[in-house]
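J.: Can you read through this structure? Questions will come right after.
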Amino acid sequence: MGFRSAKPRAERLLGGAPAPRAEPESSTLRAFSLLELIAAADEPPTLEDLTRASGLPKPSVYRILQLLIRGELVEREVSAKRYIVGARVAALSLAVQMRSPLRRERRAILSRLVDEIGETVNFTMLDGNEAVYVDRVETPAVVRLHMKIGSRVPLHCTASGKLFLAHLPPLAARRLLRAGPLKRYTDRTITGVDALERELSKIRSSGIGTDSGEFLDGSVCLAVPVVDPRGRVCAAVAVHGPAPRMTLRKGYGFLPAMRRAAAAIAATLAPATAGAPARSLRRVI
């Protein structure tokens with residue numbers, strides 16, 4: 001059996017994403033099709049959800065899921081009995097974006113943005129409970145902040161990180177923030193959950209993540225979302241620079257150019273992984 005019997009329920013499970021294109025002819029393709037369903041779901045699906053959406057017999061779905069779990073491609077939320085993508089898939093998703101054939105086009109967009117605004121810009125995505133610098137173009141200015149591609153930064157005190165947190169479901173963000181104490185990096189780091197939730201509410205309204213010396217003393221950063229075709233925040237374009245050359249007020253003047261760049265970059269994302277970082281974050285909540 002394959003996916004020909006998938007009902008409209010499959011579309012709801014996939015959040016509007018296309019159902020698998022053809023009936024798989026091998027156990028490998030069936031496993032991959034189930035993995036696609038889990039990755040595309042707006043909320044982690046149950047065994048029953050996957051059985052209805054796939055059209056496969058329930059015992060077959062269960063057996064495939066156990067294989068995927070053993071391979072660390074899928075994880076099961078014990079309390080909710082739901083399935084989420086595993087650590088290996090999240091890592092693969094990030095690697096695909098960092099080495100995508102379209103990276104040259106994305107980097108050209110970032111380079112044009114640097115030429116326009118004169119400060120360093122980053123393309124960031126979520127991986128677990130951190131934001132990762134997937135791509136980065138430096139300003140030609142002598143004084144600048146040095147961070148390498150692949151650098152990881154915390155969520156609660158960075159512009160991109162707070163932007164990602166703000167666009168998680170409120171309950172999911174709250175559970176993540178209350179998983180442990182929020183580390184203080186500078187005197188400006190917000191370490192109170194209630195205070196940070198108020199900050200996230202403002203970010204949801206404005207669509208702008210900010211960091212004024214919260215992660216690194218003397219640095220100022222702003223971030224805007226990159227939105228996938230399904231309307232989900234899947235990445236961010238951020239600008240940062242050293243104070244006093246860079247200020248939040250100056251950064252607000254960069255927003256139109258940053259938003260144009262974010263819209264252009266959205267078209268370069270590999271379709272199979274659009275939105276995946278948000279799902280990988282569910283692994284830690």
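Residue numbers start at 1 in each chain; chains themselves are named A, B, ... in the order of the structure tokens; ligands are numbered from 1 in the order shown.
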Residues within 8 Å of segment 256-258 of chain A, please, as a ChimeraX atom specification. Count only C-alpha atoms; anything in the same chain fewer than 3 positions from it doesn't count.
T.: /A:113,116-117,224,237-238,253,261-262
J.: Excluding same-chain residues fewer than 6 positions from Thr139 of chain A, what lies within 8 Å of it counting only C-alpha atoms, as a list in words?
T.: Val114, Gly118, Glu119, Thr120 and Val121 of chain A
J.: Take the residues that were just selected and, keeping all heavy atoms, output them as a short mmCIF file (atom, residue, chain, number, x, y, z; two decimals), in the first residue's frame.
T.:
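As written to disk, result38.cif reads:
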```cif
data_model
loop_
_atom_site.label_atom_id
_atom_site.label_comp_id
_atom_site.auth_asym_id
_atom_site.auth_seq_id
_atom_site.Cartn_x
_atom_site.Cartn_y
_atom_site.Cartn_z
N VAL A 114 25.17 44.36 2.56
CA VAL A 114 26.32 44.99 3.21
C VAL A 114 26.74 46.25 2.46
O VAL A 114 27.03 47.29 3.07
CB VAL A 114 27.50 44.00 3.32
CG1 VAL A 114 28.77 44.71 3.80
CG2 VAL A 114 27.15 42.87 4.27
N GLY A 118 26.39 49.05 4.99
CA GLY A 118 27.72 49.29 5.52
C GLY A 118 28.08 48.54 6.79
O GLY A 118 29.13 48.80 7.39
N GLU A 119 27.23 47.61 7.23
CA GLU A 119 27.52 46.83 8.43
C GLU A 119 27.46 45.33 8.12
O GLU A 119 26.90 44.92 7.09
CB GLU A 119 26.54 47.17 9.55
CG GLU A 119 26.63 48.60 10.08
CD GLU A 119 27.91 48.87 10.86
OE1 GLU A 119 28.65 47.91 11.14
OE2 GLU A 119 28.16 50.05 11.18
N THR A 120 28.01 44.51 9.00
CA THR A 120 28.02 43.06 8.83
C THR A 120 26.60 42.50 8.91
O THR A 120 25.81 42.92 9.76
CB THR A 120 28.89 42.41 9.91
OG1 THR A 120 30.24 42.85 9.74
CG2 THR A 120 28.85 40.89 9.82
N VAL A 121 26.29 41.55 8.04
CA VAL A 121 24.97 40.92 8.06
C VAL A 121 25.13 39.41 8.16
O VAL A 121 26.12 38.83 7.71
CB VAL A 121 24.13 41.29 6.82
CG1 VAL A 121 23.88 42.78 6.77
CG2 VAL A 121 24.81 40.83 5.54
#
```
J.: For Ile265 of chain A, work out the shell of residues within 10 Å, counting only C-alpha atoms and skipping chain neighbours fewer than 5 positions away, then give it as a list of chain:residue names.
T.: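 Listing them by chain and then by number gives A:Leu102, A:Arg103, A:Glu105, A:Arg106, A:Arg107, A:Ala108, A:Ile109, A:Leu110, A:Phe123, A:Val226, A:Val227, A:Asp228, A:Ala235, A:Ala236, A:Val237, A:Arg259, A:Arg260.
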J.: Using only C-alpha atoms for the distances, tell me which of A:Ala41, A:Val143, A:Ala91, A:Leu29 is nearest to Arg230 of chain A.
T.: A:Ala41
J.: Under the rule of at most 10 Å, produce a per-residue listing of segment 128-171 of chain A near segment 190-211 of chain A: chain, number, name, the closest pair of atoms, and the distance in Å, as JSON lines, using only C-alpha atoms.
T.:
```
{"residue": "A:His156", "atom": "CA", "partner": "A:Ile190", "partner_atom": "CA", "distance": 7.4}
{"residue": "A:Cys157", "atom": "CA", "partner": "A:Asp211", "partner_atom": "CA", "distance": 6.6}
{"residue": "A:Thr158", "atom": "CA", "partner": "A:Asp211", "partner_atom": "CA", "distance": 5.4}
{"residue": "A:Ala159", "atom": "CA", "partner": "A:Thr210", "partner_atom": "CA", "distance": 4.3}
{"residue": "A:Ser160", "atom": "CA", "partner": "A:Gly209", "partner_atom": "CA", "distance": 6.0}
{"residue": "A:Gly161", "atom": "CA", "partner": "A:Gly209", "partner_atom": "CA", "distance": 7.9}
{"residue": "A:Lys162", "atom": "CA", "partner": "A:Gly209", "partner_atom": "CA", "distance": 6.0}
{"residue": "A:Leu163", "atom": "CA", "partner": "A:Gly209", "partner_atom": "CA", "distance": 4.9}
{"residue": "A:Phe164", "atom": "CA", "partner": "A:Gly209", "partner_atom": "CA", "distance": 8.6}
{"residue": "A:Leu165", "atom": "CA", "partner": "A:Leu200", "partner_atom": "CA", "distance": 7.1}
{"residue": "A:Ala166", "atom": "CA", "partner": "A:Leu200", "partner_atom": "CA", "distance": 4.8}
{"residue": "A:His167", "atom": "CA", "partner": "A:Arg204", "partner_atom": "CA", "distance": 6.7}
{"residue": "A:Leu168", "atom": "CA", "partner": "A:Arg204", "partner_atom": "CA", "distance": 9.8}
{"residue": "A:Pro170", "atom": "CA", "partner": "A:Glu197", "partner_atom": "CA", "distance": 8.9}
```
J.: Since we have the selection now, will you write its residues out, keeping C-alpha atoms, as a PDB file, in the first residue's frame?
T.:
```pdb
ATOM      1  CA  HIS A 156      17.268  34.541  24.986  1.00  0.00           C
ATOM      2  CA  CYS A 157      19.764  37.380  24.496  1.00  0.00           C
ATOM      3  CA  THR A 158      20.348  37.673  20.741  1.00  0.00           C
ATOM      4  CA  ALA A 159      18.289  39.424  18.094  1.00  0.00           C
ATOM      5  CA  SER A 160      17.783  36.349  15.914  1.00  0.00           C
ATOM      6  CA  GLY A 161      17.267  34.080  18.902  1.00  0.00           C
ATOM      7  CA  LYS A 162      14.555  36.246  20.414  1.00  0.00           C
ATOM      8  CA  LEU A 163      12.915  36.560  17.009  1.00  0.00           C
ATOM      9  CA  PHE A 164      12.739  32.763  16.745  1.00  0.00           C
ATOM     10  CA  LEU A 165      11.427  32.420  20.306  1.00  0.00           C
ATOM     11  CA  ALA A 166       8.774  35.053  19.635  1.00  0.00           C
ATOM     12  CA  HIS A 167       7.361  33.041  16.747  1.00  0.00           C
ATOM     13  CA  LEU A 168       7.109  29.737  18.577  1.00  0.00           C
ATOM     14  CA  PRO A 170       3.511  30.689  23.350  1.00  0.00           C
TER      15      PRO A 170
END
```
J.: Which residue out of A:Val233, A:Leu177, A:Leu145, A:Ala266 has the minimum interatomic distance to Ser219 of chain A when only C-alpha atoms are used?
T.: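 Closest candidate: A:Leu145.
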J.: Could you go through segment 29-263 of chain A and tell me which residues DSSP, when run on the backbone, assigns to alpha helix (DSSP H), listing them as a PyMOL selection string?
T.: chain A and resi 29-40+47-54+58-70+87-98+103-117+159-166+170-177+193-206+248-263
J.: Taking the DSSP secondary structure from the backbone, can you list the residues of segment 33-116 of chain A that are strand (DSSP E or B), as a PyMOL selection string?
T.: chain A and resi 46+74-77+82-85
J.: Can you write just those residues out, N, CA and C atoms, as a PDB file, in the first residue's frame?
T.:
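Listing of result.pdb after writing:
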```
ATOM      1  N   THR A  46       0.600  11.919  15.852  1.00  0.00           N
ATOM      2  CA  THR A  46       0.525  10.648  16.576  1.00  0.00           C
ATOM      3  C   THR A  46       0.618   9.497  15.582  1.00  0.00           C
ATOM      4  N   VAL A  74      13.981   9.905  13.894  1.00  0.00           N
ATOM      5  CA  VAL A  74      12.713  10.311  14.498  1.00  0.00           C
ATOM      6  C   VAL A  74      12.825  10.113  16.003  1.00  0.00           C
ATOM      7  N   GLU A  75      12.138  10.961  16.750  1.00  0.00           N
ATOM      8  CA  GLU A  75      12.049  10.804  18.200  1.00  0.00           C
ATOM      9  C   GLU A  75      10.575  10.767  18.604  1.00  0.00           C
ATOM     10  N   ARG A  76      10.294  10.068  19.704  1.00  0.00           N
ATOM     11  CA  ARG A  76       8.925   9.965  20.200  1.00  0.00           C
ATOM     12  C   ARG A  76       8.799  10.718  21.500  1.00  0.00           C
ATOM     13  N   GLU A  77       7.836  11.630  21.545  1.00  0.00           N
ATOM     14  CA  GLU A  77       7.537  12.343  22.784  1.00  0.00           C
ATOM     15  C   GLU A  77       6.752  11.386  23.670  1.00  0.00           C
ATOM     16  N   ARG A  82       3.661  11.429  20.596  1.00  0.00           N
ATOM     17  CA  ARG A  82       3.755  12.048  19.279  1.00  0.00           C
ATOM     18  C   ARG A  82       5.172  11.924  18.747  1.00  0.00           C
ATOM     19  N   TYR A  83       5.318  12.111  17.429  1.00  0.00           N
ATOM     20  CA  TYR A  83       6.604  11.887  16.790  1.00  0.00           C
ATOM     21  C   TYR A  83       7.142  13.192  16.216  1.00  0.00           C
ATOM     22  N   ILE A  84       8.451  13.397  16.391  1.00  0.00           N
ATOM     23  CA  ILE A  84       9.132  14.586  15.879  1.00  0.00           C
ATOM     24  C   ILE A  84      10.393  14.151  15.149  1.00  0.00           C
ATOM     25  N   VAL A  85      10.904  15.032  14.309  1.00  0.00           N
ATOM     26  CA  VAL A  85      12.142  14.706  13.607  1.00  0.00           C
ATOM     27  C   VAL A  85      13.277  14.581  14.611  1.00  0.00           C
TER      28      VAL A  85
END
```
J.: Determine, counting only C-alpha atoms, which protein, DNA and RNA residues have an atom within 12 Å of an atom of Arg104 of chain A; residues of the same chain fewer than 5 positions away are not included. Present the result as a list in words.
T.: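 My list of contacting residues is Gln97, Met98, Arg99, Ile109, Leu110, Ser111, Asp135, Arg136, Val137, Ile265, Thr268 and Leu269 of chain A.
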J.: Kindly indicate which residue among A:Gly55, A:Gly128, A:Pro140, A:Pro169 lies nearest to Glu43 of chain A, using only C-alpha atoms for the distances.
T.: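 The answer is A:Pro169, which sits nearest to Glu43 of chain A.
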J.: For a quick check of understanding, using only C-alpha atoms, which of A:Asp127, A:Leu47, A:Val61, A:Asp42 has the smallest distance to Gly86 of chain A?
T.: A:Asp127
J.: Give me, as a PyMOL selection string, all polymer residues having an atom no more than 7 Å from segment 178-187 of chain A, counting only C-alpha atoms and skipping those fewer than 4 positions away in the same chain.
T.: chain A and resi 174+191+214-217
J.: For the residues in the current selection, export N, CA, C and O atoms as a PDB file, in the first residue's frame.
T.:
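out.pdb written:
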```
ATOM      1  N   ARG A 174       7.337  29.115  26.349  1.00  0.00           N
ATOM      2  CA  ARG A 174       7.370  29.198  27.808  1.00  0.00           C
ATOM      3  C   ARG A 174       8.007  27.944  28.414  1.00  0.00           C
ATOM      4  O   ARG A 174       8.819  28.034  29.337  1.00  0.00           O
ATOM      5  N   THR A 191      17.291  37.967  32.249  1.00  0.00           N
ATOM      6  CA  THR A 191      17.351  36.621  32.838  1.00  0.00           C
ATOM      7  C   THR A 191      16.044  36.222  33.518  1.00  0.00           C
ATOM      8  O   THR A 191      15.928  35.094  34.006  1.00  0.00           O
ATOM      9  N   GLU A 214      23.147  42.793  24.970  1.00  0.00           N
ATOM     10  CA  GLU A 214      22.623  41.735  25.837  1.00  0.00           C
ATOM     11  C   GLU A 214      23.477  40.463  25.788  1.00  0.00           C
ATOM     12  O   GLU A 214      23.560  39.734  26.769  1.00  0.00           O
ATOM     13  N   PHE A 215      24.101  40.216  24.643  1.00  0.00           N
ATOM     14  CA  PHE A 215      24.949  39.034  24.508  1.00  0.00           C
ATOM     15  C   PHE A 215      26.432  39.397  24.605  1.00  0.00           C
ATOM     16  O   PHE A 215      27.210  38.744  25.294  1.00  0.00           O
ATOM     17  N   LEU A 216      26.815  40.457  23.905  1.00  0.00           N
ATOM     18  CA  LEU A 216      28.187  40.944  23.933  1.00  0.00           C
ATOM     19  C   LEU A 216      28.185  42.427  24.274  1.00  0.00           C
ATOM     20  O   LEU A 216      27.443  43.203  23.655  1.00  0.00           O
ATOM     21  N   ASP A 217      28.983  42.816  25.225  1.00  0.00           N
ATOM     22  CA  ASP A 217      29.102  44.240  25.561  1.00  0.00           C
ATOM     23  C   ASP A 217      29.555  45.019  24.327  1.00  0.00           C
ATOM     24  O   ASP A 217      30.469  44.598  23.598  1.00  0.00           O
TER      25      ASP A 217
END
```
